[in-house]
file entry-v7.pdb (PDB, C-alpha atoms)
MODEL        1
ATOM      1  CA  MET A  18      13.584 -20.882 -29.465
ATOM      2  CA  GLU A  19      10.454 -19.664 -27.757
ATOM      3  CA  SER A  20      10.935 -16.799 -25.310
ATOM      4  CA  VAL A  21       9.727 -17.230 -21.776
ATOM      5  CA  PRO A  22       7.568 -14.365 -20.504
ATOM      6  CA  THR A  23       8.935 -12.594 -17.458
ATOM      7  CA  ILE A  24       6.794 -12.151 -14.390
ATOM      8  CA  LYS A  25       7.236  -8.883 -12.590
ATOM      9  CA  SER A  26       7.970  -9.405  -8.915
ATOM     10  CA  SER A  27       5.599  -8.060  -6.296
ATOM     11  CA  PRO A  28       7.565  -6.187  -3.651
ATOM     12  CA  HIS A  29       6.451  -6.510  -0.056
ATOM     13  CA  LYS A  30       5.102  -3.228   1.266
ATOM     14  CA  LYS A  31       3.757  -2.090   4.596
ATOM     15  CA  ILE A  32       0.309  -0.586   4.286
ATOM     16  CA  SER A  33       1.724   2.803   5.305
ATOM     17  CA  GLU A  34       4.225   2.607   2.396
ATOM     18  CA  LEU A  35       1.625   2.010  -0.346
ATOM     19  CA  ARG A  36       1.147   4.583  -3.088
ATOM     20  CA  ALA A  37      -1.436   4.676  -5.869
ATOM     21  CA  SER A  38       1.457   4.815  -8.346
ATOM     22  CA  ASP A  39       2.737   1.413  -7.149
ATOM     23  CA  GLU A  40       2.220  -1.450  -9.526
ATOM     24  CA  ARG A  41       1.517  -4.957  -8.273
ATOM     25  CA  VAL A  42       2.483  -5.273  -4.592
ATOM     26  CA  ARG A  43       2.302  -7.789  -1.760
ATOM     27  CA  VAL A  44       0.961  -6.952   1.711
ATOM     28  CA  VAL A  45       0.555  -9.132   4.781
ATOM     29  CA  GLY A  46      -1.833  -8.389   7.598
ATOM     30  CA  LEU A  47      -4.565  -9.410   9.977
ATOM     31  CA  VAL A  48      -8.156  -9.399   8.748
ATOM     32  CA  VAL A  49     -10.024  -7.009  11.070
ATOM     33  CA  GLU A  50     -13.259  -6.736   9.075
ATOM     34  CA  LYS A  51     -14.876  -8.938   6.438
ATOM     35  CA  TYR A  52     -17.730  -8.188   4.064
ATOM     36  CA  GLU A  53     -19.150  -9.929   1.015
ATOM     37  CA  SER A  54     -16.672  -8.507  -1.493
ATOM     38  CA  GLU A  55     -13.990  -6.876   0.634
ATOM     39  CA  ILE A  56     -11.862  -7.279   3.728
ATOM     40  CA  VAL A  57      -9.973  -4.773   5.857
ATOM     41  CA  LEU A  58      -6.351  -5.605   6.696
ATOM     42  CA  ASP A  59      -4.209  -4.241   9.519
ATOM     43  CA  ASP A  60      -0.437  -4.756   9.464
ATOM     44  CA  GLY A  61       0.443  -2.558  12.439
ATOM     45  CA  SER A  62       1.387   0.380  10.202
ATOM     46  CA  GLY A  63      -2.147   1.079   9.000
ATOM     47  CA  GLN A  64      -5.370  -0.379   7.682
ATOM     48  CA  LEU A  65      -6.304  -1.109   4.092
ATOM     49  CA  THR A  66      -9.517  -2.101   2.331
ATOM     50  CA  VAL A  67      -8.915  -5.032  -0.028
ATOM     51  CA  ILE A  68     -11.440  -5.440  -2.829
ATOM     52  CA  LEU A  69     -12.259  -9.053  -3.707
ATOM     53  CA  GLU A  70     -13.640  -8.863  -7.245
ATOM     54  CA  ASP A  71     -13.565 -12.667  -7.228
ATOM     55  CA  ARG A  72     -15.550 -13.464  -4.090
ATOM     56  CA  ASN A  73     -14.024 -16.951  -3.995
ATOM     57  CA  LEU A  74     -10.742 -15.322  -2.925
ATOM     58  CA  GLY A  75     -12.266 -14.650   0.488
ATOM     59  CA  SER A  76     -13.582 -18.155   1.097
ATOM     60  CA  GLY A  77     -12.055 -19.626   4.231
ATOM     61  CA  VAL A  78     -10.899 -16.216   5.449
ATOM     62  CA  GLU A  79     -12.421 -14.864   8.644
ATOM     63  CA  VAL A  80     -11.855 -11.927  10.963
ATOM     64  CA  GLY A  81      -8.631 -12.803  12.791
ATOM     65  CA  SER A  82      -7.057 -14.636   9.820
ATOM     66  CA  ARG A  83      -3.578 -13.619   8.741
ATOM     67  CA  VAL A  84      -3.355 -13.213   4.996
ATOM     68  CA  ARG A  85      -0.921 -12.266   2.235
ATOM     69  CA  VAL A  86      -2.487 -10.351  -0.656
ATOM     70  CA  PHE A  87      -1.026  -9.638  -4.082
ATOM     71  CA  GLY A  88      -2.722  -6.834  -5.964
ATOM     72  CA  ASN A  89      -2.754  -3.321  -7.343
ATOM     73  CA  PRO A  90      -3.234  -0.257  -5.140
ATOM     74  CA  MET A  91      -5.761   2.261  -6.419
ATOM     75  CA  GLU A  92      -7.026   5.652  -5.353
ATOM     76  CA  ALA A  93     -10.368   5.465  -3.609
ATOM     77  CA  GLU A  94     -12.622   7.860  -1.801
ATOM     78  CA  GLY A  95     -10.910   8.375   1.546
ATOM     79  CA  GLY A  96      -7.527   6.864   0.639
ATOM     80  CA  LEU A  97      -6.168   3.770  -1.063
ATOM     81  CA  GLU A  98      -7.588   0.327  -1.595
ATOM     82  CA  LEU A  99      -6.039  -2.809  -2.998
ATOM     83  CA  ARG A 100      -7.632  -4.828  -5.805
ATOM     84  CA  ALA A 101      -6.751  -8.405  -4.884
ATOM     85  CA  GLU A 102      -5.415 -10.816  -7.500
ATOM     86  CA  ILE A 103      -4.190 -13.489  -5.076
ATOM     87  CA  LEU A 104      -5.079 -13.980  -1.415
ATOM     88  CA  GLN A 105      -3.341 -16.584   0.759
ATOM     89  CA  ARG A 106      -3.906 -17.499   4.393
ATOM     90  CA  VAL A 107      -0.660 -17.368   6.351
ATOM     91  CA  ASP A 108      -1.922 -17.953   9.884
ATOM     92  CA  ASN A 109       1.369 -19.477  11.023
ATOM     93  CA  LEU A 110       3.519 -16.599   9.744
ATOM     94  CA  ASP A 111       5.563 -14.925  12.485
ATOM     95  CA  PHE A 112       5.113 -11.197  11.756
ATOM     96  CA  LYS A 113       7.975 -10.141  14.039
ATOM     97  CA  LEU A 114      10.390 -12.558  12.406
ATOM     98  CA  GLN A 115       9.221 -11.491   8.948
ATOM     99  CA  GLU A 116       9.921  -7.844   9.801
ATOM    100  CA  ARG A 117      13.393  -8.673  11.148
ATOM    101  CA  VAL A 118      14.230 -10.569   7.956
ATOM    102  CA  ARG A 119      12.943  -7.672   5.865
ATOM    103  CA  GLU A 120      15.123  -5.178   7.789
ATOM    104  CA  GLU A 121      18.219  -7.390   7.424
ATOM    105  CA  TRP A 122      17.537  -7.801   3.701
ATOM    106  CA  LYS A 123      17.386  -4.008   3.286
ATOM    107  CA  LYS A 124      20.709  -3.646   5.120
ATOM    108  CA  LEU A 125      22.293  -6.283   2.869
ATOM    109  CA  GLU A 126      21.026  -4.532  -0.268
ATOM    110  CA  GLU A 127      22.419  -1.214   0.993
ATOM    111  CA  ASP A 128      25.796  -2.812   1.767
ATOM    112  CA  ILE A 129      25.979  -4.410  -1.678
ATOM    113  CA  GLY A 130      25.048  -1.097  -3.296
ATOM    114  CA  ARG A 131      27.962   0.651  -1.563
ATOM    115  CA  ASN A 132      30.527  -1.790  -2.983
TER     116      ASN A 132
ENDMDL
END
call {"tool": "encode", "arguments": {"input": "entry-v7.pdb", "output": "structure tokens"}}
result
Amino acid sequence: MESVPTIKSSPHKKISELRASDERVRVVGLVVEKYESEIVLDDGSGQLTVILEDRNLGSGVEVGSRVRVFGNPMEAEGGLELRAEILQRVDNLDFKLQERVREEWKKLEEDIGRN
């Protein structure tokens, strides 16, 4: 029987929680700046430069777009940047609701861990 490769999950992180030692992560934020091969995201906890090595990733994304980015954080001059692997527009995502769900999920995980 052929084994199925496992795909490592990409935990959601706030920009302020990112570390260069993190592996693949997922961040959600508002595009506040856009250039040819990078965008700057703001999620309310900080700002992050996202490198778009594949420039097609940024097509259809404008300043003011809400996006979810999967990628790898890396040390850069002046802080961290994220090398994007996947970029999705999520303009209809309710950030406040998402944060509430995230907080409740953390509480549930803590409760389960205590039992």
call {"tool": "atom_distance", "arguments": {"input": "entry-v7.pdb", "atom1": "CA of Glu102 in chain A", "atom2": "CA of Arg119 in chain A"}}
result
22.9 Å
call {"tool": "residues_around", "arguments": {"input": "entry-v7.pdb", "residues": "range 61-70 of chain A", "least_positions_apart": "2", "cutoff": "6 Å", "atoms": "all atoms listed in the file", "output": "ChimeraX atom specification"}}
result
/A:32-33,54-59,72,98-101
call {"tool": "residues_around", "arguments": {"input": "entry-v7.pdb", "residues": "range 74-82 of chain A", "least_positions_apart": "5", "cutoff": "7 Å", "atoms": "all atoms listed in the file", "output": "VMD selection string"}}
result
chain A and resid 47 to 51 69 104 106 108
call {"tool": "write_last_selection", "arguments": {"input": "entry-v7.pdb", "atoms": "C-alpha atoms", "output": "JSON list (two decimals), in the frame of the given file"}}
result
[["chain", "number", "residue", "atom", "x", "y", "z"],
["A", 47, "LEU", "CA", -4.57, -9.41, 9.98],
["A", 48, "VAL", "CA", -8.16, -9.40, 8.75],
["A", 49, "VAL", "CA", -10.02, -7.01, 11.07],
["A", 50, "GLU", "CA", -13.26, -6.74, 9.07],
["A", 51, "LYS", "CA", -14.88, -8.94, 6.44],
["A", 69, "LEU", "CA", -12.26, -9.05, -3.71],
["A", 104, "LEU", "CA", -5.08, -13.98, -1.42],
["A", 106, "ARG", "CA", -3.91, -17.50, 4.39],
["A", 108, "ASP", "CA", -1.92, -17.95, 9.88]]
call {"tool": "closest_residue", "arguments": {"input": "entry-v7.pdb", "among": "A:Leu97, A:Val84, A:Met91, A:Ile103", "to": "Ser27 in chain A", "atoms": "only C-alpha atoms"}}
result
A:Ile103
call {"tool": "axis_aligned_box", "arguments": {"input": "entry-v7.pdb", "around": "range 36-52 of chain A", "padding_each_side": "5 Å", "output": "JSON"}}
result
{"center_x": -7.5, "center_y": -2.3, "center_z": 0.8, "size_x": 30.5, "size_y": 24.2, "size_z": 30.6}
call {"tool": "closest_residue", "arguments": {"input": "entry-v7.pdb", "among": "A:Glu126, A:Val86, A:Pro28, A:Asp60", "to": "Glu40 in chain A", "atoms": "all atoms listed in the file"}}
result
A:Pro28
call {"tool": "resolve_selection", "arguments": {"input": "entry-v7.pdb", "expression": "the PyMOL selection byres ((chain A and resi 113-117) around 12)", "output": "PyMOL selection string"}}
result
chain A and resi 29-31+44-46+60-62+107+109-112+118-124
call {"tool": "atom_distance", "arguments": {"input": "entry-v7.pdb", "atom1": "CA of Gln105 in chain A", "atom2": "CA of Arg85 in chain A"}}
result
5.2 Å
call {"tool": "atom_distance", "arguments": {"input": "entry-v7.pdb", "atom1": "CA of Gly95 in chain A", "atom2": "CA of Tyr52 in chain A"}}
result
18.1 Å
call {"tool": "decode", "arguments": {"input": "entry-v7.pdb", "residues": "range 20-58 of chain A", "atoms": "N, CA and C atoms", "output": "PDB file, in the first residue's frame"}}
result
ATOM      1  N   SER A  20       2.092   4.897   0.777  1.00  0.00           N
ATOM      2  CA  SER A  20       1.873   5.818   1.898  1.00  0.00           C
ATOM      3  C   SER A  20       1.504   7.195   1.366  1.00  0.00           C
ATOM      4  N   VAL A  21       0.649   7.848   2.114  1.00  0.00           N
ATOM      5  CA  VAL A  21       0.197   9.179   1.743  1.00  0.00           C
ATOM      6  C   VAL A  21       1.078  10.190   2.468  1.00  0.00           C
ATOM      7  N   PRO A  22       1.677  11.138   1.731  1.00  0.00           N
ATOM      8  CA  PRO A  22       2.526  12.117   2.404  1.00  0.00           C
ATOM      9  C   PRO A  22       1.688  13.001   3.323  1.00  0.00           C
ATOM     10  N   THR A  23       2.268  13.364   4.446  1.00  0.00           N
ATOM     11  CA  THR A  23       1.563  14.256   5.366  1.00  0.00           C
ATOM     12  C   THR A  23       1.928  15.689   5.043  1.00  0.00           C
ATOM     13  N   ILE A  24       0.970  16.557   5.211  1.00  0.00           N
ATOM     14  CA  ILE A  24       1.177  17.984   4.981  1.00  0.00           C
ATOM     15  C   ILE A  24       1.182  18.654   6.338  1.00  0.00           C
ATOM     16  N   LYS A  25       2.257  19.350   6.624  1.00  0.00           N
ATOM     17  CA  LYS A  25       2.368  20.025   7.900  1.00  0.00           C
ATOM     18  C   LYS A  25       1.393  21.193   7.917  1.00  0.00           C
ATOM     19  N   SER A  26       0.658  21.324   9.015  1.00  0.00           N
ATOM     20  CA  SER A  26      -0.305  22.415   9.111  1.00  0.00           C
ATOM     21  C   SER A  26       0.432  23.745   9.244  1.00  0.00           C
ATOM     22  N   SER A  27      -0.249  24.802   8.917  1.00  0.00           N
ATOM     23  CA  SER A  27       0.301  26.146   9.017  1.00  0.00           C
ATOM     24  C   SER A  27      -0.467  26.892  10.090  1.00  0.00           C
ATOM     25  N   PRO A  28       0.096  26.996  11.290  1.00  0.00           N
ATOM     26  CA  PRO A  28      -0.637  27.666  12.360  1.00  0.00           C
ATOM     27  C   PRO A  28      -0.859  29.137  12.062  1.00  0.00           C
ATOM     28  N   HIS A  29      -2.020  29.627  12.496  1.00  0.00           N
ATOM     29  CA  HIS A  29      -2.309  31.053  12.360  1.00  0.00           C
ATOM     30  C   HIS A  29      -1.490  31.795  13.395  1.00  0.00           C
ATOM     31  N   LYS A  30      -0.850  32.866  12.969  1.00  0.00           N
ATOM     32  CA  LYS A  30      -0.063  33.696  13.880  1.00  0.00           C
ATOM     33  C   LYS A  30      -0.404  35.155  13.634  1.00  0.00           C
ATOM     34  N   LYS A  31      -0.397  35.925  14.721  1.00  0.00           N
ATOM     35  CA  LYS A  31      -0.441  37.378  14.581  1.00  0.00           C
ATOM     36  C   LYS A  31       0.954  37.805  14.145  1.00  0.00           C
ATOM     37  N   ILE A  32       1.020  38.921  13.460  1.00  0.00           N
ATOM     38  CA  ILE A  32       2.326  39.405  13.005  1.00  0.00           C
ATOM     39  C   ILE A  32       3.269  39.587  14.191  1.00  0.00           C
ATOM     40  N   SER A  33       2.748  40.095  15.297  1.00  0.00           N
ATOM     41  CA  SER A  33       3.595  40.325  16.480  1.00  0.00           C
ATOM     42  C   SER A  33       4.109  39.026  17.095  1.00  0.00           C
ATOM     43  N   GLU A  34       3.509  37.889  16.773  1.00  0.00           N
ATOM     44  CA  GLU A  34       3.915  36.591  17.326  1.00  0.00           C
ATOM     45  C   GLU A  34       4.951  35.871  16.459  1.00  0.00           C
ATOM     46  N   LEU A  35       5.200  36.360  15.251  1.00  0.00           N
ATOM     47  CA  LEU A  35       6.102  35.673  14.325  1.00  0.00           C
ATOM     48  C   LEU A  35       7.534  35.684  14.814  1.00  0.00           C
ATOM     49  N   ARG A  36       8.222  34.573  14.567  1.00  0.00           N
ATOM     50  CA  ARG A  36       9.636  34.420  14.877  1.00  0.00           C
ATOM     51  C   ARG A  36      10.327  33.830  13.649  1.00  0.00           C
ATOM     52  N   ALA A  37      11.584  34.178  13.464  1.00  0.00           N
ATOM     53  CA  ALA A  37      12.334  33.640  12.322  1.00  0.00           C
ATOM     54  C   ALA A  37      12.448  32.125  12.409  1.00  0.00           C
ATOM     55  N   SER A  38      12.377  31.571  13.611  1.00  0.00           N
ATOM     56  CA  SER A  38      12.490  30.124  13.783  1.00  0.00           C
ATOM     57  C   SER A  38      11.203  29.380  13.429  1.00  0.00           C
ATOM     58  N   ASP A  39      10.093  30.126  13.234  1.00  0.00           N
ATOM     59  CA  ASP A  39       8.835  29.493  12.838  1.00  0.00           C
ATOM     60  C   ASP A  39       9.000  28.851  11.470  1.00  0.00           C
ATOM     61  N   GLU A  40       8.333  27.721  11.302  1.00  0.00           N
ATOM     62  CA  GLU A  40       8.279  27.138   9.965  1.00  0.00           C
ATOM     63  C   GLU A  40       7.078  27.747   9.269  1.00  0.00           C
ATOM     64  N   ARG A  41       6.507  27.076   8.336  1.00  0.00           N
ATOM     65  CA  ARG A  41       5.393  27.607   7.554  1.00  0.00           C
ATOM     66  C   ARG A  41       4.260  28.084   8.465  1.00  0.00           C
ATOM     67  N   VAL A  42       3.819  29.325   8.255  1.00  0.00           N
ATOM     68  CA  VAL A  42       2.763  29.929   9.065  1.00  0.00           C
ATOM     69  C   VAL A  42       1.702  30.538   8.152  1.00  0.00           C
ATOM     70  N   ARG A  43       0.621  30.976   8.805  1.00  0.00           N
ATOM     71  CA  ARG A  43      -0.488  31.628   8.105  1.00  0.00           C
ATOM     72  C   ARG A  43      -0.762  32.944   8.830  1.00  0.00           C
ATOM     73  N   VAL A  44      -0.802  34.045   8.085  1.00  0.00           N
ATOM     74  CA  VAL A  44      -1.159  35.343   8.655  1.00  0.00           C
ATOM     75  C   VAL A  44      -2.282  35.951   7.824  1.00  0.00           C
ATOM     76  N   VAL A  45      -3.096  36.756   8.487  1.00  0.00           N
ATOM     77  CA  VAL A  45      -4.198  37.442   7.817  1.00  0.00           C
ATOM     78  C   VAL A  45      -4.063  38.919   8.135  1.00  0.00           C
ATOM     79  N   GLY A  46      -4.235  39.753   7.128  1.00  0.00           N
ATOM     80  CA  GLY A  46      -4.125  41.183   7.378  1.00  0.00           C
ATOM     81  C   GLY A  46      -4.619  42.012   6.219  1.00  0.00           C
ATOM     82  N   LEU A  47      -4.518  43.309   6.416  1.00  0.00           N
ATOM     83  CA  LEU A  47      -4.934  44.303   5.436  1.00  0.00           C
ATOM     84  C   LEU A  47      -3.705  44.774   4.673  1.00  0.00           C
ATOM     85  N   VAL A  48      -3.796  44.804   3.359  1.00  0.00           N
ATOM     86  CA  VAL A  48      -2.686  45.289   2.541  1.00  0.00           C
ATOM     87  C   VAL A  48      -2.642  46.821   2.676  1.00  0.00           C
ATOM     88  N   VAL A  49      -1.523  47.331   3.208  1.00  0.00           N
ATOM     89  CA  VAL A  49      -1.390  48.780   3.395  1.00  0.00           C
ATOM     90  C   VAL A  49      -0.419  49.404   2.405  1.00  0.00           C
ATOM     91  N   GLU A  50       0.410  48.562   1.772  1.00  0.00           N
ATOM     92  CA  GLU A  50       1.301  49.028   0.710  1.00  0.00           C
ATOM     93  C   GLU A  50       1.459  47.891  -0.293  1.00  0.00           C
ATOM     94  N   LYS A  51       1.635  48.269  -1.566  1.00  0.00           N
ATOM     95  CA  LYS A  51       1.845  47.239  -2.595  1.00  0.00           C
ATOM     96  C   LYS A  51       2.896  47.728  -3.570  1.00  0.00           C
ATOM     97  N   TYR A  52       3.850  46.831  -3.855  1.00  0.00           N
ATOM     98  CA  TYR A  52       4.916  47.103  -4.807  1.00  0.00           C
ATOM     99  C   TYR A  52       4.946  45.955  -5.807  1.00  0.00           C
ATOM    100  N   GLU A  53       5.888  46.001  -6.725  1.00  0.00           N
ATOM    101  CA  GLU A  53       5.925  44.998  -7.789  1.00  0.00           C
ATOM    102  C   GLU A  53       6.071  43.578  -7.257  1.00  0.00           C
ATOM    103  N   SER A  54       6.959  43.373  -6.282  1.00  0.00           N
ATOM    104  CA  SER A  54       7.204  42.016  -5.806  1.00  0.00           C
ATOM    105  C   SER A  54       7.042  41.872  -4.294  1.00  0.00           C
ATOM    106  N   GLU A  55       6.323  42.801  -3.680  1.00  0.00           N
ATOM    107  CA  GLU A  55       6.055  42.671  -2.252  1.00  0.00           C
ATOM    108  C   GLU A  55       4.838  43.498  -1.863  1.00  0.00           C
ATOM    109  N   ILE A  56       4.260  43.101  -0.732  1.00  0.00           N
ATOM    110  CA  ILE A  56       3.167  43.867  -0.133  1.00  0.00           C
ATOM    111  C   ILE A  56       3.498  44.030   1.347  1.00  0.00           C
ATOM    112  N   VAL A  57       2.862  44.999   1.977  1.00  0.00           N
ATOM    113  CA  VAL A  57       2.995  45.182   3.419  1.00  0.00           C
ATOM    114  C   VAL A  57       1.627  44.933   4.028  1.00  0.00           C
ATOM    115  N   LEU A  58       1.591  44.014   5.011  1.00  0.00           N
ATOM    116  CA  LEU A  58       0.352  43.656   5.699  1.00  0.00           C
ATOM    117  C   LEU A  58       0.320  44.280   7.078  1.00  0.00           C
TER     118      LEU A  58
END
